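> Handing you this structure, nothing more for now.
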Amino acid sequence: MRTSDTRSLVFDLVRAAGQVSRAGLAERTGLTAATISTTVRQLLADGLVAESGRAPSTGGKPRTFISVVPEARFAVGIQVGHSGAVLVVTDLTGSVLAMTRRQTGADPGTAEFVDRLTEEFDEILLAAGLSRSDVVGAGVGLSGLIDRRQISGRQQDYRGHRPAGLRGDLERALGVPVVVDNDATAAALGEWWVSSAGQTEDAVVVYLGAGIGAGLLMEGQVVQGGSGNAGELGHVCVDVHGPRCVCGAQGCVEAVAGPWAVVEAAISRPALARAAGLGAEVGTHGSVEADFAAVARAARRGLPEAERLLTESARVLAVAVRSVVNVVDADAVILTGPSIAVAAPIYLPVIASEIRTMSYARTIHEVAVRLSPNGSTAAAIGAAALALYEDIRSPAAP
């Protein structure tokens with residue numbers, strides 16, 4: 001195992017445990033006492049952790065506990081979606097010091113977008129009482145395809161290509177290191193850091209925004225895949241004869257039952273479209289997510305057509321989620337994202353029922369299905385965690 005991997009592993013165990021002894025770290029990692037001692041000594045020297053008390057003596061030398069120092073590092077997390085951007089400032093434990101939502105009004109990759117994001121970056125730092133020199137970096141969670149092997153952080157959306165070089169442009173504008181990743185992957189990391197997902201090492205984190213994605217937590221690590229696109233739940237086929245998806249395939253979950261498909265179906269029903277205040281095309285309220293939220297509000301008001309439409313969408317998504325749960329043998333499913341936050345009363349029970357009654361390993365272990373308490377901010381928090389991890393992996397210069 002590389003030294004950088006050992007550092008991040010040990011730090012993450014300390015963070016998740018709250019406080020733990022060196023002996024406890026050795027037991028959990030299988031690493032030698034000498035390796036743990038060296039790694040903890042580095043983390044102490046870098047100010048990332050501190051000794052936080054001793055266990056009661058049982059006759060020998062009492063164990064000394066180690067805990068994370070929350071204010072040792074700060075980072076900014078930015079989730080960029082079709083409806084704008086969510087920015088957060090977090091400390092080393094993922095606690096949010098400041099948060100804002102803004103309409104960027106520009107396409108990611110353009111100079112206008114970078115300029116506006118830079119303004120928001122400085123404003124949120126001011127709200128948190130910090131300056132650029134106080135943060136170790138910024139993480140950015142993007143929707144659509146990314147390629148982590150491209151050092152430029154290229155993003156591609158199926159509905160239009162984004163210019164390359166966003167990562168480099170942001171680093172020059174913000175003056176701090178920038179990490180770019182998929183928004184669903186970032187959301188999974190955000191759930192791992194700050195919510196109940198952190199108590200489960202194997203989980204499928206379903207992210208519902210303008211589209212459908214998923215982050216995979218396996219043994220406490222986020223699975224990213226060869227290019228950073230692991231967990232593309234929205235492009236799992238659920239109907240080989242279904243409608244053509246924007247990705248070019250046929251019958252994908254997004255094409256059959258994603259937020260865009262739900263809104264288009266609602267527009268085709270005049271009574272429902274009027275009740276939800278929808279226009280002739282998707283985006284009446286400014287974004288796919290906003291239109292989807294309008295349909296969800298109509299369902300909450302008891303409009304039968306809206307309820308039926310969302311229930312059918314939830315059933316299709318539930319089948320796809322069950323397939324992923326079966327493949328990875330997950331212990332939990334976490335539902336998060338801005339769209340799930342407004343439609344949870346319908347989606348949560350449908351998905352929970354499907355997993356409880358139809359998952360392959362249900363007779364061996366229960367698969368918990370939970371709603372994230374951070375649906376609208378999980379991806380931004382996870383993006384900040386990406387930046388923090390990059391700093392943690394590298395020892396401070398002597």
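The chains in the structure tokens are called A, B, ... from first to last as shown; in each chain the residues are counted from 1, and the ligands are counted from 1 in the order shown.
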Need the shell around Ala378 (chain A): protein/DNA/RNA residues with any atom at most 12 Å away, counting only C-alpha atoms. Skip same-chain ones fewer than 5 positions apart. Format as a PyMOL selection string?
chain A and resi 77-79+86-88+90+94-96+99+141+183-195+197+205-209+215+334-338+340-341+371-373+383-385
> If you run DSSP on the backbone here, which positions in region 16-205 of chain A get alpha helix (DSSP H)? Please write them as a VMD selection string.
chain A and resid 16 to 17 22 to 29 33 to 45 111 to 127 166 to 174 183 to 194
> Check region 161-396 of chain A with DSSP on the backbone and list each residue it calls strand (DSSP E or B), as a ChimeraX atom specification.
/A:161,178-182,203-208,212-218,221-223,237,244,250,252,332-336,368-371
> For Leu117 (chain A), please output as an MDAnalysis selection string all residues within 12 Å (counting only C-alpha atoms; exclusion window: fewer than 6 positions along the same chain).
chainID A and resid 76:80 84:87 100:111 123:124 138 140 166 169:171 173:174
> Could you write out the selected residues, including N, CA, C and O atoms, as a CSV table (one decimal), in the first residue's frame?

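Dumped to selection29.csv:
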chain,number,residue,atom,x,y,z
A,76,VAL,N,-13.7,24.3,-0.1
A,76,VAL,CA,-15.0,24.7,-0.7
A,76,VAL,C,-15.4,23.6,-1.6
A,76,VAL,O,-14.6,23.0,-2.4
A,77,GLY,N,-16.7,23.3,-1.5
A,77,GLY,CA,-17.3,22.3,-2.5
A,77,GLY,C,-18.3,23.0,-3.3
A,77,GLY,O,-19.1,23.8,-2.9
A,78,ILE,N,-18.3,22.6,-4.6
A,78,ILE,CA,-19.2,23.2,-5.6
A,78,ILE,C,-19.9,22.2,-6.4
A,78,ILE,O,-19.2,21.3,-7.0
A,79,GLN,N,-21.2,22.1,-6.3
A,79,GLN,CA,-22.0,21.2,-7.2
A,79,GLN,C,-22.6,22.0,-8.3
A,79,GLN,O,-23.4,23.0,-8.0
A,80,VAL,N,-22.3,21.7,-9.5
A,80,VAL,CA,-22.8,22.4,-10.7
A,80,VAL,C,-23.8,21.5,-11.4
A,80,VAL,O,-23.6,20.4,-11.8
A,84,GLY,N,-28.1,25.6,-11.7
A,84,GLY,CA,-27.2,26.5,-11.1
A,84,GLY,C,-26.2,25.8,-10.3
A,84,GLY,O,-25.8,24.6,-10.6
A,85,ALA,N,-25.6,26.4,-9.2
A,85,ALA,CA,-24.6,25.9,-8.4
A,85,ALA,C,-24.9,26.0,-7.0
A,85,ALA,O,-25.5,26.9,-6.5
A,86,VAL,N,-24.5,25.0,-6.2
A,86,VAL,CA,-24.5,25.0,-4.8
A,86,VAL,C,-23.1,25.0,-4.3
A,86,VAL,O,-22.2,24.2,-4.7
A,87,LEU,N,-22.8,26.0,-3.4
A,87,LEU,CA,-21.4,26.1,-2.8
A,87,LEU,C,-21.5,25.9,-1.3
A,87,LEU,O,-22.4,26.5,-0.7
A,100,THR,N,-24.5,28.4,0.0
A,100,THR,CA,-25.2,29.3,-0.9
A,100,THR,C,-25.7,28.5,-2.1
A,100,THR,O,-25.0,27.6,-2.6
A,101,ARG,N,-26.8,28.9,-2.7
A,101,ARG,CA,-27.2,28.4,-4.0
A,101,ARG,C,-27.3,29.6,-4.9
A,101,ARG,O,-27.9,30.7,-4.6
A,102,ARG,N,-26.8,29.5,-6.1
A,102,ARG,CA,-26.8,30.6,-7.1
A,102,ARG,C,-27.1,30.1,-8.5
A,102,ARG,O,-26.7,29.0,-8.9
A,103,GLN,N,-27.8,30.9,-9.3
A,103,GLN,CA,-28.0,30.7,-10.7
A,103,GLN,C,-26.8,31.2,-11.4
A,103,GLN,O,-26.5,32.5,-11.3
A,104,THR,N,-26.0,30.4,-12.1
A,104,THR,CA,-24.8,30.9,-12.7
A,104,THR,C,-25.1,31.6,-14.0
A,104,THR,O,-24.4,32.5,-14.5
A,105,GLY,N,-26.2,31.2,-14.7
A,105,GLY,CA,-26.6,31.8,-15.9
A,105,GLY,C,-25.7,31.6,-17.1
A,105,GLY,O,-25.7,32.4,-18.0
A,106,ALA,N,-24.8,30.6,-17.0
A,106,ALA,CA,-23.8,30.4,-18.0
A,106,ALA,C,-23.4,29.0,-18.1
A,106,ALA,O,-23.5,28.2,-17.1
A,107,ASP,N,-23.0,28.5,-19.2
A,107,ASP,CA,-22.6,27.1,-19.4
A,107,ASP,C,-21.2,26.8,-18.8
A,107,ASP,O,-20.3,27.6,-19.1
A,108,PRO,N,-21.1,25.7,-18.0
A,108,PRO,CA,-19.8,25.4,-17.5
A,108,PRO,C,-18.7,25.3,-18.6
A,108,PRO,O,-19.0,24.7,-19.7
A,109,GLY,N,-17.6,25.9,-18.4
A,109,GLY,CA,-16.5,25.8,-19.4
A,109,GLY,C,-16.3,27.2,-20.1
A,109,GLY,O,-15.3,27.4,-20.7
A,110,THR,N,-17.3,28.0,-20.0
A,110,THR,CA,-17.2,29.4,-20.6
A,110,THR,C,-16.5,30.3,-19.6
A,110,THR,O,-16.6,30.1,-18.4
A,111,ALA,N,-16.0,31.4,-20.2
A,111,ALA,CA,-15.3,32.4,-19.4
A,111,ALA,C,-16.3,33.1,-18.4
A,111,ALA,O,-16.0,33.4,-17.3
A,123,GLU,N,-17.4,35.2,-2.2
A,123,GLU,CA,-18.5,35.6,-1.3
A,123,GLU,C,-18.7,34.6,-0.2
A,123,GLU,O,-18.9,34.9,0.9
A,124,ILE,N,-18.7,33.3,-0.6
A,124,ILE,CA,-18.9,32.3,0.4
A,124,ILE,C,-17.8,32.2,1.4
A,124,ILE,O,-18.0,31.9,2.6
A,138,ALA,N,-10.6,23.5,-3.7
A,138,ALA,CA,-12.0,23.4,-4.1
A,138,ALA,C,-12.3,22.1,-4.8
A,138,ALA,O,-11.5,21.7,-5.7
A,140,VAL,N,-15.2,20.2,-7.3
A,140,VAL,CA,-16.3,20.5,-8.2
A,140,VAL,C,-17.0,19.2,-8.6
A,140,VAL,O,-16.3,18.3,-9.1
A,166,LEU,N,-11.8,23.1,-17.9
A,166,LEU,CA,-12.5,23.8,-16.8
A,166,LEU,C,-11.7,23.8,-15.6
A,166,LEU,O,-11.6,24.8,-14.8
A,169,ASP,N,-8.9,26.3,-15.8
A,169,ASP,CA,-9.4,27.7,-15.8
A,169,ASP,C,-9.8,28.1,-14.3
A,169,ASP,O,-9.6,29.2,-13.9
A,170,LEU,N,-10.4,27.1,-13.6
A,170,LEU,CA,-10.9,27.4,-12.2
A,170,LEU,C,-9.7,27.6,-11.3
A,170,LEU,O,-9.7,28.4,-10.4
A,171,GLU,N,-8.6,26.7,-11.5
A,171,GLU,CA,-7.5,26.9,-10.6
A,171,GLU,C,-6.8,28.2,-10.8
A,171,GLU,O,-6.4,28.9,-9.8
A,173,ALA,N,-8.3,31.0,-11.8
A,173,ALA,CA,-9.2,32.0,-11.3
A,173,ALA,C,-9.3,32.0,-9.8
A,173,ALA,O,-9.4,33.1,-9.2
A,174,LEU,N,-9.4,30.8,-9.2
A,174,LEU,CA,-9.6,30.8,-7.8
A,174,LEU,C,-8.3,30.9,-7.0
A,174,LEU,O,-8.3,31.2,-5.8
> Which distance in Å separates CA of Ala16 (chain A) and CA of Ala33 (chain A), to one decimal?
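Those two atoms sit 19.9 Å apart.
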> Which residues come within 8 Å of Glu307 (chain A), counting only C-alpha atoms, excluding same-chain residues fewer than 4 positions away, as a list in words?
Ala296, Ala298, Ala299, Arg300, Gly302, Leu303, Thr311 and Ile346 of chain A
> Let me see the file: selected residues, all heavy atoms, as a tab-separated table (two decimals), in the first residue's frame.

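For reference, part_25.tsv as written:
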chain	number	residue	atom	x	y	z
A	296	ALA	N	-43.92	17.10	-8.59
A	296	ALA	CA	-43.94	16.47	-7.27
A	296	ALA	C	-44.87	17.22	-6.32
A	296	ALA	O	-45.60	16.60	-5.52
A	296	ALA	CB	-42.53	16.43	-6.69
A	298	ALA	N	-47.51	18.87	-7.22
A	298	ALA	CA	-48.87	18.52	-7.65
A	298	ALA	C	-49.28	17.17	-7.08
A	298	ALA	O	-50.42	16.97	-6.66
A	298	ALA	CB	-48.95	18.51	-9.18
A	299	ALA	N	-48.33	16.23	-7.04
A	299	ALA	CA	-48.62	14.91	-6.46
A	299	ALA	C	-48.90	15.03	-4.96
A	299	ALA	O	-49.81	14.38	-4.44
A	299	ALA	CB	-47.44	13.97	-6.70
A	300	ARG	N	-48.14	15.89	-4.27
A	300	ARG	CA	-48.36	16.06	-2.83
A	300	ARG	C	-49.71	16.71	-2.55
A	300	ARG	O	-50.30	16.51	-1.47
A	300	ARG	CB	-47.24	16.90	-2.22
A	300	ARG	CG	-45.90	16.18	-2.16
A	300	ARG	CD	-45.04	16.75	-1.04
A	300	ARG	NE	-44.80	18.18	-1.20
A	300	ARG	CZ	-43.73	18.69	-1.82
A	300	ARG	NH1	-42.82	17.89	-2.35
A	300	ARG	NH2	-43.58	20.00	-1.91
A	302	GLY	N	-52.26	15.88	-4.03
A	302	GLY	CA	-53.24	14.82	-4.24
A	302	GLY	C	-53.76	14.69	-5.65
A	302	GLY	O	-54.78	14.02	-5.88
A	303	LEU	N	-53.07	15.29	-6.63
A	303	LEU	CA	-53.51	15.17	-8.02
A	303	LEU	C	-53.20	13.76	-8.52
A	303	LEU	O	-52.03	13.37	-8.60
A	303	LEU	CB	-52.79	16.20	-8.89
A	303	LEU	CG	-53.38	16.44	-10.28
A	303	LEU	CD1	-54.75	17.09	-10.17
A	303	LEU	CD2	-52.45	17.31	-11.12
A	311	THR	N	-45.23	7.53	-9.30
A	311	THR	CA	-45.18	6.15	-8.79
A	311	THR	C	-44.61	5.20	-9.82
A	311	THR	O	-43.80	4.33	-9.51
A	311	THR	CB	-46.59	5.68	-8.36
A	311	THR	OG1	-47.07	6.52	-7.30
A	311	THR	CG2	-46.55	4.24	-7.86
A	346	ILE	N	-43.01	9.58	-2.31
A	346	ILE	CA	-43.41	8.55	-3.28
A	346	ILE	C	-42.28	7.58	-3.54
A	346	ILE	O	-42.45	6.36	-3.50
A	346	ILE	CB	-43.90	9.19	-4.59
A	346	ILE	CG1	-45.22	9.94	-4.35
A	346	ILE	CG2	-44.05	8.14	-5.70
A	346	ILE	CD1	-45.75	10.66	-5.56
> Give me the residues within 10 Å of region 349-358 of chain A as a PyMOL selection string, counting only C-alpha atoms and dropping any in the same chain fewer than 5 places off.
chain A and resi 311-323+325-326+332-333+335+344+363+365-370
> Pick out the closest residue to Arg7 (chain A) from this set: A:Thr32, A:Gln19, A:Ser143, A:Thr39. Count only C-alpha atoms.
A:Thr39
> Quick one: residues within 9 Å of Gly53 (chain A), only C-alpha atoms, excluding same-chain residues fewer than 4 positions away - as number ranges by chain?
A: 63-66
> Between A:Glu51, A:Glu219, A:Asp202, A:Glu120, single out the one closest to Thr29 (chain A), counting only C-alpha atoms.
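Closest residue, counting only C-alpha atoms: A:Glu219.
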> Which one is closest to Leu48 (chain A): A:Arg167, A:Arg301, A:Arg308, A:Arg73? Count only C-alpha atoms.
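The shortest atom-to-atom distance to Leu48 (chain A) comes from A:Arg73.
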> Write out as a PDB file with all heavy atoms, in the first residue's frame which residues come within 8 Å of Trp260 (chain A) when counting only C-alpha atoms, dropping same-chain ones fewer than 4 positions away.

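And here's around_19.pdb as it stands now:
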ATOM      1  N   ALA A 210     -31.161  16.405 -12.286  1.00  0.00           N
ATOM      2  CA  ALA A 210     -31.769  16.511 -13.607  1.00  0.00           C
ATOM      3  C   ALA A 210     -31.808  15.140 -14.264  1.00  0.00           C
ATOM      4  O   ALA A 210     -32.651  14.856 -15.101  1.00  0.00           O
ATOM      5  CB  ALA A 210     -30.992  17.496 -14.471  1.00  0.00           C
ATOM      6  N   GLY A 211     -30.868  14.295 -13.886  1.00  0.00           N
ATOM      7  CA  GLY A 211     -30.815  12.915 -14.362  1.00  0.00           C
ATOM      8  C   GLY A 211     -30.735  11.977 -13.178  1.00  0.00           C
ATOM      9  O   GLY A 211     -31.052  12.341 -12.044  1.00  0.00           O
ATOM     10  N   GLU A 254     -33.159   6.606 -17.404  1.00  0.00           N
ATOM     11  CA  GLU A 254     -33.429   8.035 -17.594  1.00  0.00           C
ATOM     12  C   GLU A 254     -34.444   8.278 -18.695  1.00  0.00           C
ATOM     13  O   GLU A 254     -35.319   9.139 -18.576  1.00  0.00           O
ATOM     14  CB  GLU A 254     -32.134   8.788 -17.906  1.00  0.00           C
ATOM     15  CG  GLU A 254     -31.314   9.131 -16.689  1.00  0.00           C
ATOM     16  CD  GLU A 254     -30.254  10.184 -16.976  1.00  0.00           C
ATOM     17  OE1 GLU A 254     -30.326  10.833 -18.049  1.00  0.00           O
ATOM     18  OE2 GLU A 254     -29.355  10.336 -16.145  1.00  0.00           O
ATOM     19  N   ALA A 255     -34.330   7.526 -19.790  1.00  0.00           N
ATOM     20  CA  ALA A 255     -35.245   7.722 -20.917  1.00  0.00           C
ATOM     21  C   ALA A 255     -36.651   7.281 -20.571  1.00  0.00           C
ATOM     22  O   ALA A 255     -37.635   7.868 -21.039  1.00  0.00           O
ATOM     23  CB  ALA A 255     -34.737   6.955 -22.136  1.00  0.00           C
ATOM     24  N   GLU A 264     -41.644  15.541 -19.350  1.00  0.00           N
ATOM     25  CA  GLU A 264     -42.213  15.451 -20.704  1.00  0.00           C
ATOM     26  C   GLU A 264     -43.568  14.761 -20.682  1.00  0.00           C
ATOM     27  O   GLU A 264     -44.499  15.177 -21.386  1.00  0.00           O
ATOM     28  CB  GLU A 264     -41.248  14.695 -21.612  1.00  0.00           C
ATOM     29  CG  GLU A 264     -40.045  15.515 -22.074  1.00  0.00           C
ATOM     30  CD  GLU A 264     -39.269  14.821 -23.174  1.00  0.00           C
ATOM     31  OE1 GLU A 264     -39.199  13.573 -23.150  1.00  0.00           O
ATOM     32  OE2 GLU A 264     -38.725  15.520 -24.053  1.00  0.00           O
ATOM     33  N   VAL A 282     -39.828  21.372 -21.700  1.00  0.00           N
ATOM     34  CA  VAL A 282     -39.136  21.172 -20.436  1.00  0.00           C
ATOM     35  C   VAL A 282     -38.296  22.416 -20.125  1.00  0.00           C
ATOM     36  O   VAL A 282     -37.607  22.947 -20.989  1.00  0.00           O
ATOM     37  CB  VAL A 282     -38.221  19.933 -20.495  1.00  0.00           C
ATOM     38  CG1 VAL A 282     -37.459  19.759 -19.178  1.00  0.00           C
ATOM     39  CG2 VAL A 282     -39.035  18.680 -20.801  1.00  0.00           C
ATOM     40  N   VAL A 288     -34.764  21.399 -15.441  1.00  0.00           N
ATOM     41  CA  VAL A 288     -35.453  20.111 -15.334  1.00  0.00           C
ATOM     42  C   VAL A 288     -35.854  19.873 -13.884  1.00  0.00           C
ATOM     43  O   VAL A 288     -36.981  19.443 -13.589  1.00  0.00           O
ATOM     44  CB  VAL A 288     -34.539  18.966 -15.813  1.00  0.00           C
ATOM     45  CG1 VAL A 288     -35.269  17.633 -15.721  1.00  0.00           C
ATOM     46  CG2 VAL A 288     -34.060  19.206 -17.224  1.00  0.00           C
ATOM     47  N   PHE A 292     -39.574  19.234 -12.450  1.00  0.00           N
ATOM     48  CA  PHE A 292     -39.855  17.980 -11.747  1.00  0.00           C
ATOM     49  C   PHE A 292     -40.428  18.282 -10.362  1.00  0.00           C
ATOM     50  O   PHE A 292     -41.373  17.615  -9.910  1.00  0.00           O
ATOM     51  CB  PHE A 292     -38.584  17.147 -11.628  1.00  0.00           C
ATOM     52  CG  PHE A 292     -38.763  15.822 -10.948  1.00  0.00           C
ATOM     53  CD1 PHE A 292     -39.244  14.724 -11.645  1.00  0.00           C
ATOM     54  CD2 PHE A 292     -38.450  15.677  -9.598  1.00  0.00           C
ATOM     55  CE1 PHE A 292     -39.416  13.505 -11.009  1.00  0.00           C
ATOM     56  CE2 PHE A 292     -38.613  14.461  -8.958  1.00  0.00           C
ATOM     57  CZ  PHE A 292     -39.097  13.366  -9.672  1.00  0.00           C
TER      58      PHE A 292
END
